[in-house]
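Everything below belongs to data06.txt, which stores compact mmCIF, C-alpha atoms.
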```txt
# COMPACT_ATOMS: atom_id res chain seq x y z
CA MET A 4 -25.02 8.45 17.40
CA ILE A 5 -23.30 7.59 14.10
CA VAL A 6 -20.92 4.63 13.95
CA ILE A 7 -18.17 4.69 11.31
CA THR A 8 -16.43 1.49 10.25
CA ALA A 9 -13.02 1.55 8.51
CA PRO A 10 -12.43 5.21 9.54
CA THR A 11 -8.77 5.17 8.45
CA GLY A 12 -9.40 3.71 4.99
CA ASN A 13 -9.66 5.50 1.66
CA ILE A 14 -13.34 6.40 2.01
CA GLY A 15 -13.63 6.33 5.80
CA ARG A 16 -10.94 8.94 6.44
CA HIS A 17 -12.71 11.42 4.16
CA LEU A 18 -16.03 10.62 5.81
CA LEU A 19 -14.61 11.02 9.30
CA THR A 20 -13.18 14.43 8.40
CA ARG A 21 -16.54 15.57 7.04
CA LEU A 22 -18.48 14.33 10.05
CA LEU A 23 -16.04 15.87 12.53
CA GLU A 24 -16.85 19.19 10.87
CA SER A 25 -20.62 18.80 10.57
CA ALA A 26 -21.89 16.26 13.13
CA PRO A 27 -21.63 18.47 16.27
CA ALA A 28 -23.90 21.15 14.79
CA ALA A 29 -26.40 18.42 13.92
CA GLY A 30 -26.35 17.10 17.49
CA GLU A 31 -24.68 13.83 16.47
CA ASP A 32 -22.08 11.94 18.47
CA LEU A 33 -19.51 9.86 16.60
CA ARG A 34 -18.20 6.39 17.36
CA VAL A 35 -15.57 4.57 15.29
CA ILE A 36 -14.53 0.94 15.02
CA VAL A 37 -10.82 0.73 14.28
CA ARG A 38 -8.16 -1.97 14.56
CA ASP A 39 -5.38 0.49 15.36
CA PRO A 40 -6.55 3.65 17.15
CA ALA A 41 -3.08 5.18 16.65
CA ARG A 42 -3.92 5.59 12.96
CA LEU A 43 -6.81 7.95 13.68
CA PRO A 44 -6.11 11.59 12.76
CA ASP A 45 -5.19 14.00 15.53
CA ALA A 46 -8.39 15.94 14.87
CA ALA A 47 -10.45 12.94 16.00
CA ARG A 48 -8.75 12.43 19.34
CA GLY A 49 -11.07 13.19 22.21
CA ARG A 50 -13.92 13.90 19.82
CA VAL A 51 -14.99 10.37 18.91
CA GLU A 52 -15.70 7.28 20.95
CA VAL A 53 -13.30 4.52 19.92
CA ILE A 54 -14.15 0.82 19.80
CA SER A 55 -10.97 -1.15 19.14
CA GLY A 56 -11.06 -4.28 17.01
CA SER A 57 -12.40 -5.65 13.76
CA HIS A 58 -15.95 -4.84 12.67
CA GLY A 59 -16.16 -8.42 11.45
CA ASP A 60 -16.04 -9.57 15.08
CA ALA A 61 -19.40 -10.25 16.74
CA GLU A 62 -18.38 -8.95 20.16
CA VAL A 63 -16.95 -5.74 18.68
CA VAL A 64 -20.02 -4.84 16.62
CA ASP A 65 -22.32 -5.76 19.50
CA ARG A 66 -20.58 -3.13 21.66
CA ALA A 67 -20.32 -0.62 18.85
CA PHE A 68 -23.94 -0.74 17.71
CA GLU A 69 -25.48 -0.41 21.17
CA GLY A 70 -27.28 2.94 21.19
CA ALA A 71 -26.39 3.64 17.56
CA ASP A 72 -28.86 5.43 15.31
CA ALA A 73 -26.88 5.08 12.06
CA VAL A 74 -23.94 3.04 10.76
CA PHE A 75 -21.54 3.54 7.88
CA TRP A 76 -20.66 0.05 6.69
CA LEU A 77 -17.62 -0.79 4.57
CA VAL A 78 -16.11 -4.25 4.17
CA PRO A 79 -12.31 -4.19 3.79
CA PRO A 80 -11.50 -6.67 0.98
CA ASP A 81 -9.77 -9.74 2.39
CA ALA A 82 -7.87 -11.52 -0.36
CA SER A 83 -7.24 -14.52 1.90
CA ARG A 84 -10.91 -15.53 1.74
CA ALA A 85 -13.38 -16.54 -0.96
CA PRO A 86 -15.54 -13.57 -2.10
CA GLU A 87 -18.79 -14.70 -0.46
CA ASP A 88 -17.03 -15.23 2.85
CA ALA A 89 -15.08 -11.97 2.47
CA TRP A 90 -18.28 -9.91 2.14
CA THR A 91 -21.32 -11.79 3.39
CA GLY A 92 -19.44 -13.84 5.98
CA PHE A 93 -17.69 -10.75 7.31
CA THR A 94 -20.99 -8.83 7.49
CA ARG A 95 -23.15 -11.51 9.14
CA PRO A 96 -22.21 -10.59 12.77
CA ALA A 97 -22.98 -6.94 12.01
CA ALA A 98 -26.37 -7.84 10.53
CA LYS A 99 -27.26 -9.67 13.74
CA ALA A 100 -26.10 -6.73 15.87
CA ILE A 101 -28.04 -4.23 13.74
CA ALA A 102 -31.23 -6.18 14.30
CA ALA A 103 -30.53 -6.82 18.00
CA HIS A 104 -29.88 -3.15 18.81
CA GLY A 105 -32.57 -1.69 16.56
CA VAL A 106 -30.19 0.44 14.50
CA GLY A 107 -32.37 2.68 12.34
CA HIS A 108 -30.23 3.48 9.29
CA VAL A 109 -27.23 1.92 7.54
CA VAL A 110 -25.25 3.30 4.60
CA GLY A 111 -23.05 0.69 2.90
CA VAL A 112 -20.39 0.86 0.22
CA SER A 113 -21.31 -1.42 -2.65
CA ALA A 114 -21.08 -1.57 -6.45
CA LEU A 115 -22.90 -0.83 -9.65
CA GLY A 116 -24.53 -3.67 -11.56
CA ARG A 117 -27.69 -4.61 -9.67
CA GLY A 118 -30.49 -5.52 -12.05
CA THR A 119 -28.18 -6.15 -15.01
CA SER A 120 -27.71 -9.48 -16.75
CA LEU A 121 -24.11 -9.51 -15.48
CA ALA A 122 -24.88 -9.06 -11.77
CA GLY A 123 -24.88 -12.78 -10.95
CA ARG A 124 -21.50 -13.49 -12.55
CA ALA A 125 -19.45 -10.47 -11.62
CA GLY A 126 -17.18 -11.93 -8.96
CA LEU A 127 -16.45 -9.44 -6.20
CA VAL A 128 -19.36 -7.27 -7.30
CA THR A 129 -21.75 -10.23 -6.98
CA ALA A 130 -20.45 -10.78 -3.45
CA SER A 131 -20.98 -7.12 -2.61
CA LEU A 132 -24.56 -7.20 -3.87
CA ALA A 133 -25.22 -10.27 -1.70
CA MET A 134 -23.91 -8.29 1.27
CA ASP A 135 -26.47 -5.57 0.47
CA ASP A 136 -29.25 -8.17 0.49
CA LEU A 137 -28.12 -9.46 3.88
CA LEU A 138 -28.17 -5.98 5.43
CA ALA A 139 -31.47 -5.03 3.80
CA GLY A 140 -32.95 -8.24 5.20
CA THR A 141 -32.45 -7.04 8.77
CA GLY A 142 -35.32 -4.56 8.36
CA VAL A 143 -33.06 -1.53 8.73
CA ALA A 144 -33.43 1.46 6.42
CA TYR A 145 -30.54 0.75 4.06
CA ARG A 146 -28.84 2.63 1.25
CA ALA A 147 -26.18 0.91 -0.84
CA LEU A 148 -23.74 3.35 -2.39
CA ALA A 149 -23.49 1.84 -5.89
CA CYS A 150 -19.97 2.73 -6.97
CA PRO A 151 -17.87 2.15 -10.09
CA SER A 152 -14.09 1.73 -9.95
CA PHE A 153 -12.22 4.38 -7.97
CA PHE A 154 -9.70 6.91 -9.30
CA GLU A 155 -7.60 5.87 -6.30
CA ASN A 156 -7.00 2.40 -7.78
CA LEU A 157 -4.44 4.09 -10.02
CA LEU A 158 -2.29 4.92 -7.00
CA GLU A 159 -1.20 1.26 -7.08
CA GLU A 160 0.26 2.03 -10.51
CA ALA A 161 2.21 5.11 -9.40
CA ALA A 162 5.62 3.41 -9.54
CA SER A 163 4.94 1.94 -12.98
CA ILE A 164 3.69 5.29 -14.26
CA ARG A 165 6.80 7.01 -12.94
CA ASP A 166 9.36 4.39 -14.07
CA LYS A 167 7.80 3.08 -17.30
CA GLY A 168 5.04 5.52 -18.23
CA VAL A 169 2.61 2.59 -18.19
CA PHE A 170 -0.52 1.54 -16.32
CA THR A 171 -2.40 -1.73 -16.78
CA ASP A 172 -5.88 -3.17 -16.47
CA ALA A 173 -7.82 -6.04 -18.03
CA VAL A 174 -10.47 -4.10 -19.97
CA ASP A 175 -10.56 -2.91 -23.56
CA ALA A 176 -8.59 0.29 -24.14
CA ASP A 177 -11.63 2.06 -25.54
CA ARG A 178 -14.20 0.77 -23.01
CA LYS A 179 -15.75 3.89 -21.51
CA ALA A 180 -17.11 3.55 -17.97
CA PRO A 181 -17.83 5.73 -14.95
CA LEU A 182 -15.10 6.26 -12.36
CA VAL A 183 -15.27 8.18 -9.09
CA ALA A 184 -13.09 9.79 -6.43
CA VAL A 185 -13.42 8.32 -2.94
CA ALA A 186 -13.92 11.80 -1.49
CA ASP A 187 -17.13 12.10 -3.52
CA ILE A 188 -18.37 8.77 -2.14
CA ALA A 189 -17.68 10.03 1.39
CA ALA A 190 -19.64 13.22 0.69
CA VAL A 191 -22.73 11.26 -0.34
CA ALA A 192 -22.39 8.98 2.68
CA ALA A 193 -22.14 11.97 5.03
CA GLY A 194 -25.30 13.49 3.60
CA LEU A 195 -27.28 10.29 4.08
CA LEU A 196 -25.98 9.73 7.61
CA LEU A 197 -26.81 13.26 8.76
CA ASP A 198 -30.23 13.55 7.10
CA ARG A 199 -31.99 10.31 7.97
CA SER A 200 -35.42 11.21 6.62
CA TRP A 201 -35.17 8.33 4.13
CA THR A 202 -36.80 4.95 4.68
CA GLY A 203 -36.81 1.50 3.10
CA THR A 204 -33.98 0.05 1.07
CA GLY A 205 -32.37 1.05 -2.19
CA GLY A 206 -29.25 1.95 -4.10
CA VAL A 207 -27.65 5.36 -4.58
CA PRO A 208 -25.37 5.50 -7.64
CA VAL A 209 -22.21 7.57 -7.08
CA LEU A 210 -20.62 8.42 -10.42
CA GLY A 211 -17.88 10.74 -11.53
CA PRO A 212 -18.54 13.61 -13.95
CA GLN A 213 -17.98 11.55 -17.13
CA ASP A 214 -17.35 8.08 -18.51
CA LEU A 215 -13.69 7.49 -19.38
CA SER A 216 -11.80 4.73 -21.17
CA PRO A 217 -8.26 3.61 -20.33
CA ASN A 218 -7.08 5.51 -23.41
CA ASP A 219 -8.86 8.62 -22.10
CA LEU A 220 -7.13 8.17 -18.74
CA ALA A 221 -3.74 7.83 -20.44
CA HIS A 222 -4.33 11.06 -22.41
CA ILE A 223 -5.34 13.00 -19.31
CA MET A 224 -2.47 11.62 -17.23
CA THR A 225 -0.02 12.56 -19.98
CA GLU A 226 -1.29 16.15 -19.87
CA GLN A 227 -1.46 16.43 -16.09
CA LEU A 228 1.85 14.70 -15.30
CA GLY A 229 3.81 16.30 -18.13
CA ARG A 230 5.16 12.94 -19.30
CA PRO A 231 3.94 10.26 -21.73
CA VAL A 232 1.63 7.69 -20.15
CA ARG A 233 0.14 4.76 -22.05
CA TYR A 234 -2.21 1.91 -21.28
CA GLU A 235 -1.30 -1.77 -21.59
CA ARG A 236 -4.09 -4.32 -21.48
CA GLN A 237 -3.39 -7.41 -19.39
CA SER A 238 -5.14 -10.66 -20.20
CA LEU A 239 -7.30 -12.26 -17.54
CA ASP A 240 -4.99 -15.29 -17.53
CA GLU A 241 -2.00 -13.04 -16.86
CA LEU A 242 -3.91 -11.27 -14.13
CA ARG A 243 -4.88 -14.55 -12.43
CA THR A 244 -1.34 -15.91 -12.60
CA THR A 245 0.16 -12.73 -11.16
CA LEU A 246 -2.29 -12.51 -8.27
CA VAL A 247 -2.00 -16.21 -7.36
CA CYS A 248 1.78 -15.79 -7.28
CA TYR A 249 1.26 -13.00 -4.74
CA GLY A 250 -0.41 -15.55 -2.48
CA LEU A 251 -4.02 -14.44 -2.84
CA ASN A 252 -6.85 -16.91 -2.28
CA GLU A 253 -7.58 -18.59 -5.63
CA ALA A 254 -11.34 -18.09 -5.29
CA PHE A 255 -10.78 -14.40 -4.52
CA VAL A 256 -8.51 -14.12 -7.57
CA GLN A 257 -11.22 -15.70 -9.71
CA GLY A 258 -13.64 -13.17 -8.24
CA ILE A 259 -11.37 -10.34 -9.41
CA ALA A 260 -11.14 -11.86 -12.89
CA ASP A 261 -14.92 -12.32 -13.10
CA MET A 262 -15.43 -8.72 -12.00
CA LYS A 263 -12.98 -7.43 -14.61
CA ARG A 264 -14.68 -9.48 -17.34
CA ALA A 265 -18.11 -8.18 -16.32
CA LYS A 266 -16.90 -4.58 -16.31
CA ASP A 267 -15.42 -5.10 -19.78
CA GLU A 268 -18.84 -6.34 -20.90
CA GLY A 269 -20.60 -3.21 -19.60
CA LEU A 270 -21.47 -4.00 -15.98
CA ASP A 271 -21.15 -0.36 -14.91
CA ALA A 272 -23.05 1.09 -17.86
CA GLY A 273 -26.57 0.47 -16.58
CA VAL A 274 -27.09 3.76 -14.71
CA THR A 275 -27.95 7.05 -16.41
CA ARG A 276 -25.88 9.95 -15.13
CA THR A 277 -27.95 12.74 -13.57
CA PRO A 278 -27.03 15.77 -11.46
CA ASP A 279 -27.96 13.76 -8.36
CA THR A 280 -25.62 10.87 -9.21
CA THR A 281 -22.68 12.96 -10.45
CA GLY A 282 -19.76 13.64 -8.13
CA PRO A 283 -17.88 16.94 -8.59
CA THR A 284 -14.30 15.65 -8.80
CA THR A 285 -13.00 15.42 -12.36
CA PHE A 286 -10.19 13.04 -13.29
CA GLU A 287 -8.08 16.04 -14.32
CA ARG A 288 -8.45 17.59 -10.87
CA TRP A 289 -7.76 14.29 -9.13
CA CYS A 290 -4.60 13.75 -11.17
CA ALA A 291 -3.29 17.19 -10.29
CA GLN A 292 -4.11 16.96 -6.59
CA THR A 293 -3.51 13.27 -5.80
CA LEU A 294 -1.80 11.24 -8.53
CA LYS A 295 0.88 13.76 -9.47
CA PRO A 296 2.25 14.10 -5.91
CA ALA A 297 2.16 10.29 -5.52
CA VAL A 298 4.11 9.74 -8.76
CA HIS A 299 6.67 12.41 -7.90
CA SER A 300 7.15 11.21 -4.33
CA ARG A 301 8.22 7.68 -5.25
```

Transcribe the structure of this file into structure tokens.
Amino acid sequence: MIVITAPTGNIGRHLLTRLLESAPAAGEDLRVIVRDPARLPDAARGRVEVISGSHGDAEVVDRAFEGADAVFWLVPPDASRAPEDAWTGFTRPAAKAIAAHGVGHVVGVSALGRGTSLAGRAGLVTASLAMDDLLAGTGVAYRALACPSFFENLLEEAASIRDKGVFTDAVDADRKAPLVAVADIAAVAAGLLLDRSWTGTGGVPVLGPQDLSPNDLAHIMTEQLGRPVRYERQSLDELRTTLVCYGLNEAFVQGIADMKRAKDEGLDAGVTRTPDTTGPTTFERWCAQTLKPAVHSR
């Protein structure tokens, strides 16, 4: 029995699709925790057990983890809470349920940076690493998917790219760093959940094929979209002011700013890319398949 949290989210929907295809042949049943079952894809109906509610709720995870052999764990960022509460606080009921029900294996979505000098002052990343420690402390076999920023973050910029030919971030224009497609994260998660021969705790870096800077991204988007796209760097003060005006928790906003600063100082550069840590999806391919339709549809 594999339990999937956040099955309708960016990573979870790709994971669910993969497991619907491969879990039956492996003799695995699937159970999902979802706030709104109506958002599940038609292909899942009648093929997965559904637990309705939030996986941050103690009663929900207690029901969901009973009889579970493996869990895919993803914390949905909650900008109304301080980072530690948003990750560790949200995960604490699940950690108790994992231990109580003797769940054998957990795969969690986390971040790059562990073991670097920046790990303790990286805002949301620091909170995510603390969540890993909490889960590992239950005694379960745990693998943290250590991820960089996602290609999919650029979908939030689709309107600006279409209307102004501009996307923004708070890092240096020439700062090269790994980026990854969420589908590639889901593929690694599926492999770990289906082949549970691993033991102990550790991190599994999930990187894209190459490091790219914002200027690199602008060049590739210009080619793929057939229109000029340029990068504008936003200061951290501008970023904080904008996000606070949107009503986000001030501690969460500071966590975003601290994460951005750490990434600009090389937080994600501590892992050497190998064939085992390299996802197959290039930024060019992702632009053509995902970003271009999103820009043209708005």

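Residues surrounding Leu195 of chain A within 10 Å are Ala73, Phe75, His108, Val109, Val110, Arg146, Ala189, Trp201 and Val207 of chain A [all atoms listed in the file; sequence separation below 6 positions excluded].
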
Inset, instruction - Give the answer as one residue: which of A:Ala46, A:Ile7, A:Leu182, A:Ala97 has the shortest atom-to-atom distance to Val63 of chain A, using only C-alpha atoms? - result: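 Checking each of A:Ala46, A:Ile7, A:Leu182, A:Ala97 against Val63 of chain A, counting only C-alpha atoms, the winner is A:Ala97.
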
Inset, instruction - Give the answer as one residue: which of A:Pro80, A:Gly282, A:Gly205, A:Gly250 has the shortest atom-to-atom distance to Gly140 of chain A, using only C-alpha atoms? - result: A:Gly205

Inset, instruction - Between A:Gln227, A:Gln213, A:Ser55, A:Ser152, single out the one closest to Gln292 of chain A, counting all atoms listed in the file. - result: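 Checking each of A:Gln227, A:Gln213, A:Ser55, A:Ser152 against Gln292 of chain A, counting all atoms listed in the file, the winner is A:Gln227.
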
Legend entry - Between atom CA of Thr225 of chain A and atom CA of Ala291 of chain A - distance in Å to one decimal: 11.2 Å

Legend entry - Atom-to-atom span, atom CA of Phe286 of chain A and atom CA of Val185 of chain A, Å: 11.8 Å

Inset, instruction - Between atom CA of Ala180 of chain A and atom CA of Phe154 of chain A, measure the distance and give it in Å to one decimal. - result: 11.9 Å

Inset, instruction - Kindly extract all protein, DNA and RNA residues lying within 9 Å of the coordinates (-10.5, 3.5, -18.3) given in the file, considering only C-alpha atoms, and supply them as an NGL selection string. - result: :A and (172 or 174-182 or 214-221 or 234)

Inset, instruction - Choose the residue, out of A:Thr284, A:Asn252, A:Thr244, A:Thr141, that has the smallest atom-to-atom separation from Thr204 of chain A; count only C-alpha atoms. - result: A:Thr141

Legend entry - For Ser300 of chain A, the nearest of the candidates A:Arg230, A:Arg34, A:His104, A:Arg165, counting all atoms listed in the file: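 Closest to Ser300 of chain A of all the choices is A:Arg165.
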
Legend entry - Close residues, Arg276 of chain A itself excluded, 8 Å, only C-alpha atoms, min 3 positions apart in chain, as number ranges by chain: A: 210, 280-281

Inset, instruction - Identify the residues within 12 Å of coordinate (-12.2, 6.2, 22.3) (same frame as the file), considering all atoms listed in the file, and give the answer as a count of residues only. - result: 21

Legend entry - Which residue of A:Trp90, A:Tyr145, A:Tyr249, A:Phe170 approaches Thr129 of chain A most closely, using all atoms listed in the file: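 Result for the nearest residue to Thr129 of chain A: A:Trp90.
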
If the box runs along x, y and z of the file and leaves 4 Å on each side of segment 271-281 of chain A, what are its centre and edge lengths in Å, one decimal, as lines of an AutoDock Vina configuration file?
```
center_x = -24.6
center_y = 7.7
center_z = -13.1
size_x = 14.8
size_y = 24.1
size_z = 17.5
```

Legend entry - Residues within 6 Å of segment 263-271 of chain A, only C-alpha atoms, excluding chain neighbours under 5 positions, as a PyMOL selection string: chain A and resi 115-116+125+174

Give me a file of those residues, with C-alpha atoms, as a PDB file, keeping the file's coordinate frame.
```
ATOM      1  CA  LEU A 115     -22.900  -0.830  -9.650  1.00  0.00           C
ATOM      2  CA  GLY A 116     -24.530  -3.670 -11.560  1.00  0.00           C
ATOM      3  CA  ALA A 125     -19.450 -10.470 -11.620  1.00  0.00           C
ATOM      4  CA  VAL A 174     -10.470  -4.100 -19.970  1.00  0.00           C
TER       5      VAL A 174
END
```
